[in-house]
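Student: Here it is: the structure, laid out below.
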Amino acid sequence: MNWLSLLLSSYVRSLAWKRIKRWVRESFPTVPTISTAELADQLEQPSAPPVLVDAREPEEFALSHLPNAYQAQTIAEVVQAGITRDMPVVVYCSIGYRSARFARSLNEVGYQATNLEGSIFEWANEGRPLVTNRNGQVVSTDKVHPYDTLWGLLLEPK
């Protein structure tokens with residue numbers, strides 16, 4: 001790929017991200033959001049970090065997830081994981097739509113849920129840490145499940 005193609009794909013990806021973030025915020029106006037940079041800062045603080053909930057499908061989570069995240073798609077799974085209503089929760093998915101919908105559901109039953117804007121795709125594009133479980137061990141990875149071919153275009157090529 002030549003430099004012009006790279007520049008154009010980066011520009012198009014940037015425009016797409018702006019539109020997607022606006023779409024998610026407009027679709028779920030009552031759901032608070034947090035940026036990837038803000039979450040990274042919170043996770044580095046010595047105080048209790050927020051609980052991370054990955055709202056993607058189990059096969060997406062299995063390929064990679066944020067360190068210390070729980071995989072849950074229902075309120076019952078959140079309760080089973082021992083996450084209580086007094087714990088701040090950050091929910092993420094691939095781009096932020098599924099997680100915003102789930103965060104709204106959590107908030108409706110009394111949780112303090114925030115949506116990770118840009119979700120795992122933006123987190124990975126910024127080179128932030130991802131992990132997977134391999135042979136019973138948590139190990140670093142740079143792979144991210146693309147969800148599907150179209151949405152996968154939002155991931156920076158490696």
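How things are named: the first chain in the structure tokens is A, the next is B, and so on; residues count from 1 in each chain; ligands count from 1 in the order shown.
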Can I get the residues of range 57-89 of chain A within 12 Å of range 28-39 of chain A, each with the closest pair of atoms and their distance in Å to one decimal, using only C-alpha atoms, sorted chain first then ascending number, as a Markdown table?
Tutor:
| residue | atom | partner | partner_atom | distance |
| --- | --- | --- | --- | --- |
| A:Leu66 | CA | A:Leu39 | CA | 11.0 |
| A:Pro88 | CA | A:Pro32 | CA | 11.7 |
| A:Val89 | CA | A:Ile34 | CA | 10.8 |
Student: May I have the residues within 12 Å of range 124-133 of chain A as a PDB file with C-alpha atoms, in the first residue's frame, using only C-alpha atoms and disregarding those fewer than 3 positions away in the same chain?
Tutor:
ATOM      1  CA  SER A  10      -6.682   6.859   7.631  1.00  0.00           C
ATOM      2  CA  ARG A  13     -11.448   5.835   9.029  1.00  0.00           C
ATOM      3  CA  SER A  14     -11.262   9.099  11.009  1.00  0.00           C
ATOM      4  CA  TRP A  17     -15.233   7.164  13.696  1.00  0.00           C
ATOM      5  CA  SER A  35     -12.908   8.109  26.374  1.00  0.00           C
ATOM      6  CA  THR A  36     -10.203   5.490  26.015  1.00  0.00           C
ATOM      7  CA  ALA A  37      -7.647   7.993  27.327  1.00  0.00           C
ATOM      8  CA  LEU A  39     -10.255   5.054  31.115  1.00  0.00           C
ATOM      9  CA  ALA A  40      -6.541   4.363  30.733  1.00  0.00           C
ATOM     10  CA  ASP A  41      -5.844   7.135  33.270  1.00  0.00           C
ATOM     11  CA  LEU A  43      -6.955   2.246  35.440  1.00  0.00           C
ATOM     12  CA  PRO A  58     -17.966 -15.044  24.017  1.00  0.00           C
ATOM     13  CA  GLU A  59     -15.917 -15.814  20.878  1.00  0.00           C
ATOM     14  CA  GLU A  60     -15.016 -12.125  20.520  1.00  0.00           C
ATOM     15  CA  PHE A  61     -13.978 -11.978  24.188  1.00  0.00           C
ATOM     16  CA  ALA A  62     -11.955 -15.198  23.834  1.00  0.00           C
ATOM     17  CA  LEU A  63      -9.765 -13.687  21.116  1.00  0.00           C
ATOM     18  CA  SER A  64      -8.935 -10.610  23.212  1.00  0.00           C
ATOM     19  CA  HIS A  65     -10.286  -8.276  25.851  1.00  0.00           C
ATOM     20  CA  LEU A  66      -9.174  -5.492  28.159  1.00  0.00           C
ATOM     21  CA  PRO A  67      -7.179  -6.719  31.173  1.00  0.00           C
ATOM     22  CA  ASN A  68      -9.356  -7.783  34.120  1.00  0.00           C
ATOM     23  CA  ALA A  69     -12.603  -7.481  32.135  1.00  0.00           C
ATOM     24  CA  CYS A  93     -17.943  -3.829  22.897  1.00  0.00           C
ATOM     25  CA  SER A  94     -16.419  -3.441  19.426  1.00  0.00           C
ATOM     26  CA  ILE A  95     -17.337   0.159  18.574  1.00  0.00           C
ATOM     27  CA  GLY A 118     -14.869   3.789  20.593  1.00  0.00           C
ATOM     28  CA  SER A 119     -14.722   0.623  22.699  1.00  0.00           C
ATOM     29  CA  ILE A 120     -12.138  -2.102  22.088  1.00  0.00           C
ATOM     30  CA  PHE A 121     -11.501  -1.076  18.456  1.00  0.00           C
ATOM     31  CA  GLY A 136      -4.921 -21.209  31.416  1.00  0.00           C
ATOM     32  CA  GLN A 137      -2.573 -18.198  31.381  1.00  0.00           C
ATOM     33  CA  VAL A 138      -3.467 -14.553  30.740  1.00  0.00           C
ATOM     34  CA  VAL A 139      -1.132 -13.294  28.005  1.00  0.00           C
ATOM     35  CA  SER A 140      -0.810 -10.110  25.960  1.00  0.00           C
ATOM     36  CA  THR A 141      -2.112 -10.000  22.416  1.00  0.00           C
ATOM     37  CA  ASP A 142      -2.671  -7.464  19.666  1.00  0.00           C
ATOM     38  CA  LYS A 143      -5.493  -9.370  17.956  1.00  0.00           C
ATOM     39  CA  VAL A 144      -9.062  -8.086  17.994  1.00  0.00           C
ATOM     40  CA  HIS A 145     -12.135  -9.876  16.693  1.00  0.00           C
ATOM     41  CA  PRO A 146     -13.373  -7.732  13.769  1.00  0.00           C
ATOM     42  CA  GLY A 152     -13.391  -4.660  10.929  1.00  0.00           C
ATOM     43  CA  LEU A 153     -12.358  -1.865   8.543  1.00  0.00           C
ATOM     44  CA  LEU A 154     -12.330   0.441  11.587  1.00  0.00           C
ATOM     45  CA  LEU A 155      -9.375  -1.448  13.018  1.00  0.00           C
ATOM     46  CA  GLU A 156      -5.974  -0.042  12.116  1.00  0.00           C
ATOM     47  CA  PRO A 157      -4.028  -2.490   9.959  1.00  0.00           C
ATOM     48  CA  LYS A 158      -1.201  -4.171  11.832  1.00  0.00           C
TER      49      LYS A 158
END
Student: Can you list, as a VMD selection string, all residues belonging to range 11-110 of chain A that DSSP tags as alpha helix (DSSP H)?
Tutor: chain A and resid 11 to 27 36 to 44 58 to 63 75 to 80 97 to 108
Student: Using N, CA and C atoms, can you write the selected residues to a file as a short mmCIF file (atom, residue, chain, number, x, y, z; two decimals), in the first residue's frame?
Tutor:
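What follows is the written file part.cif:
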data_model
loop_
_atom_site.label_atom_id
_atom_site.label_comp_id
_atom_site.auth_asym_id
_atom_site.auth_seq_id
_atom_site.Cartn_x
_atom_site.Cartn_y
_atom_site.Cartn_z
N TYR A 11 -7.80 8.81 6.69
CA TYR A 11 -8.75 9.92 6.67
C TYR A 11 -10.19 9.39 6.69
N VAL A 12 -10.47 8.41 5.86
CA VAL A 12 -11.82 7.83 5.79
C VAL A 12 -12.17 7.18 7.13
N ARG A 13 -11.22 6.48 7.73
CA ARG A 13 -11.45 5.83 9.03
C ARG A 13 -11.75 6.90 10.09
N SER A 14 -11.03 8.02 10.05
CA SER A 14 -11.26 9.10 11.01
C SER A 14 -12.67 9.68 10.86
N LEU A 15 -13.10 9.89 9.63
CA LEU A 15 -14.46 10.40 9.39
C LEU A 15 -15.51 9.39 9.87
N ALA A 16 -15.27 8.14 9.59
CA ALA A 16 -16.20 7.10 10.01
C ALA A 16 -16.33 7.07 11.53
N TRP A 17 -15.20 7.18 12.24
CA TRP A 17 -15.23 7.16 13.70
C TRP A 17 -16.04 8.34 14.24
N LYS A 18 -15.87 9.53 13.66
CA LYS A 18 -16.63 10.69 14.13
C LYS A 18 -18.13 10.44 14.00
N ARG A 19 -18.53 9.89 12.85
CA ARG A 19 -19.95 9.64 12.61
C ARG A 19 -20.49 8.55 13.54
N ILE A 20 -19.72 7.50 13.74
CA ILE A 20 -20.15 6.40 14.60
C ILE A 20 -20.32 6.87 16.04
N LYS A 21 -19.36 7.64 16.53
CA LYS A 21 -19.46 8.14 17.91
C LYS A 21 -20.69 9.03 18.07
N ARG A 22 -20.96 9.88 17.09
CA ARG A 22 -22.14 10.74 17.15
C ARG A 22 -23.41 9.88 17.14
N TRP A 23 -23.45 8.86 16.27
CA TRP A 23 -24.59 7.96 16.16
C TRP A 23 -24.87 7.27 17.50
N VAL A 24 -23.82 6.77 18.15
CA VAL A 24 -23.99 6.08 19.43
C VAL A 24 -24.49 7.07 20.49
N ARG A 25 -23.88 8.25 20.57
CA ARG A 25 -24.32 9.23 21.57
C ARG A 25 -25.78 9.64 21.34
N GLU A 26 -26.16 9.83 20.07
CA GLU A 26 -27.54 10.22 19.77
C GLU A 26 -28.53 9.08 20.03
N SER A 27 -28.09 7.86 19.84
CA SER A 27 -28.95 6.70 20.07
C SER A 27 -29.17 6.43 21.55
N THR A 36 -11.24 6.49 25.75
CA THR A 36 -10.20 5.49 26.02
C THR A 36 -9.07 6.09 26.84
N ALA A 37 -8.72 7.34 26.57
CA ALA A 37 -7.65 7.99 27.33
C ALA A 37 -8.04 8.17 28.79
N GLU A 38 -9.29 8.60 29.04
CA GLU A 38 -9.76 8.76 30.41
C GLU A 38 -9.78 7.43 31.15
N LEU A 39 -10.24 6.37 30.47
CA LEU A 39 -10.25 5.05 31.12
C LEU A 39 -8.84 4.59 31.43
N ALA A 40 -7.93 4.76 30.49
CA ALA A 40 -6.54 4.36 30.73
C ALA A 40 -5.98 5.09 31.96
N ASP A 41 -6.29 6.38 32.09
CA ASP A 41 -5.84 7.14 33.27
C ASP A 41 -6.46 6.58 34.55
N GLN A 42 -7.76 6.28 34.53
CA GLN A 42 -8.42 5.74 35.72
C GLN A 42 -7.83 4.40 36.13
N LEU A 43 -7.50 3.57 35.14
CA LEU A 43 -6.96 2.25 35.44
C LEU A 43 -5.56 2.32 36.04
N GLU A 44 -4.86 3.43 35.84
CA GLU A 44 -3.52 3.60 36.39
C GLU A 44 -3.53 4.20 37.79
N PRO A 58 -19.07 -14.29 23.41
CA PRO A 58 -17.97 -15.04 24.02
C PRO A 58 -16.78 -15.30 23.07
N GLU A 59 -17.04 -15.57 21.79
CA GLU A 59 -15.92 -15.81 20.88
C GLU A 59 -15.10 -14.55 20.61
N GLU A 60 -15.74 -13.39 20.66
CA GLU A 60 -15.02 -12.12 20.52
C GLU A 60 -14.13 -11.91 21.74
N PHE A 61 -14.71 -12.13 22.92
CA PHE A 61 -13.98 -11.98 24.19
C PHE A 61 -12.80 -12.95 24.25
N ALA A 62 -13.00 -14.18 23.76
CA ALA A 62 -11.96 -15.20 23.83
C ALA A 62 -10.72 -14.80 23.04
N LEU A 63 -10.91 -14.10 21.92
CA LEU A 63 -9.76 -13.69 21.12
C LEU A 63 -8.95 -12.61 21.83
N ILE A 75 -27.92 -8.73 32.60
CA ILE A 75 -27.82 -8.25 33.98
C ILE A 75 -27.56 -9.44 34.91
N ALA A 76 -28.17 -10.58 34.63
CA ALA A 76 -27.95 -11.77 35.46
C ALA A 76 -26.48 -12.16 35.46
N GLU A 77 -25.80 -12.06 34.33
CA GLU A 77 -24.38 -12.39 34.27
C GLU A 77 -23.54 -11.39 35.06
N VAL A 78 -23.95 -10.14 35.07
CA VAL A 78 -23.26 -9.12 35.87
C VAL A 78 -23.40 -9.45 37.35
N VAL A 79 -24.60 -9.81 37.76
CA VAL A 79 -24.85 -10.18 39.16
C VAL A 79 -24.05 -11.42 39.52
N GLN A 80 -24.06 -12.44 38.64
CA GLN A 80 -23.29 -13.67 38.88
C GLN A 80 -21.80 -13.40 39.05
N TYR A 97 -21.73 0.58 20.35
CA TYR A 97 -23.19 0.54 20.26
C TYR A 97 -23.80 -0.50 21.20
N ARG A 98 -23.34 -1.73 21.11
CA ARG A 98 -23.87 -2.79 21.98
C ARG A 98 -23.62 -2.46 23.44
N SER A 99 -22.45 -1.90 23.73
CA SER A 99 -22.12 -1.57 25.12
C SER A 99 -22.98 -0.41 25.63
N ALA A 100 -23.29 0.55 24.78
CA ALA A 100 -24.15 1.66 25.21
C ALA A 100 -25.54 1.13 25.53
N ARG A 101 -26.04 0.23 24.69
CA ARG A 101 -27.36 -0.36 24.94
C ARG A 101 -27.35 -1.13 26.27
N PHE A 102 -26.28 -1.89 26.52
CA PHE A 102 -26.19 -2.67 27.76
C PHE A 102 -25.99 -1.74 28.96
N ALA A 103 -25.18 -0.70 28.82
CA ALA A 103 -24.98 0.26 29.90
C ALA A 103 -26.31 0.92 30.28
N ARG A 104 -27.12 1.24 29.27
CA ARG A 104 -28.44 1.83 29.55
C ARG A 104 -29.29 0.86 30.38
N SER A 105 -29.27 -0.42 30.00
CA SER A 105 -30.03 -1.43 30.76
C SER A 105 -29.53 -1.53 32.20
N LEU A 106 -28.22 -1.52 32.37
CA LEU A 106 -27.66 -1.58 33.72
C LEU A 106 -28.07 -0.36 34.54
N ASN A 107 -27.99 0.81 33.94
CA ASN A 107 -28.36 2.04 34.64
C ASN A 107 -29.84 2.04 35.03
N GLU A 108 -30.67 1.45 34.19
CA GLU A 108 -32.11 1.40 34.48
C GLU A 108 -32.43 0.57 35.72
#
Student: Give me, as a ChimeraX atom specification, all polymer residues having an atom no more than 12 Å from Met87 in chain A, counting only C-alpha atoms and skipping those fewer than 5 positions away in the same chain.
Tutor: /A:48-53,78-79,82,106-107,110-114
Student: What separation in Å, quoted to one decimal, exists between CA of Glu122 in chain A and CA of Gln45 in chain A?
Tutor: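 Between CA of Glu122 in chain A and CA of Gln45 in chain A the gap is 21.1 Å.
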Student: If I take CA of Glu117 in chain A and CA of Glu57 in chain A, how far is one from the other in Å, to one decimal?
Tutor: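 A separation of 18.3 Å between them.
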Student: To one decimal in Å, tell me the separation between CA of Thr84 in chain A and CA of Asp54 in chain A.
Tutor: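 About the pair CA of Thr84 in chain A and CA of Asp54 in chain A: they are 16.0 Å apart.
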Student: DSSP on the backbone, strand (DSSP E or B) only: what residues of range 83-157 of chain A does that give? Format it as number ranges by chain.
Tutor: A: 88-92, 112-116, 130-134, 137-141
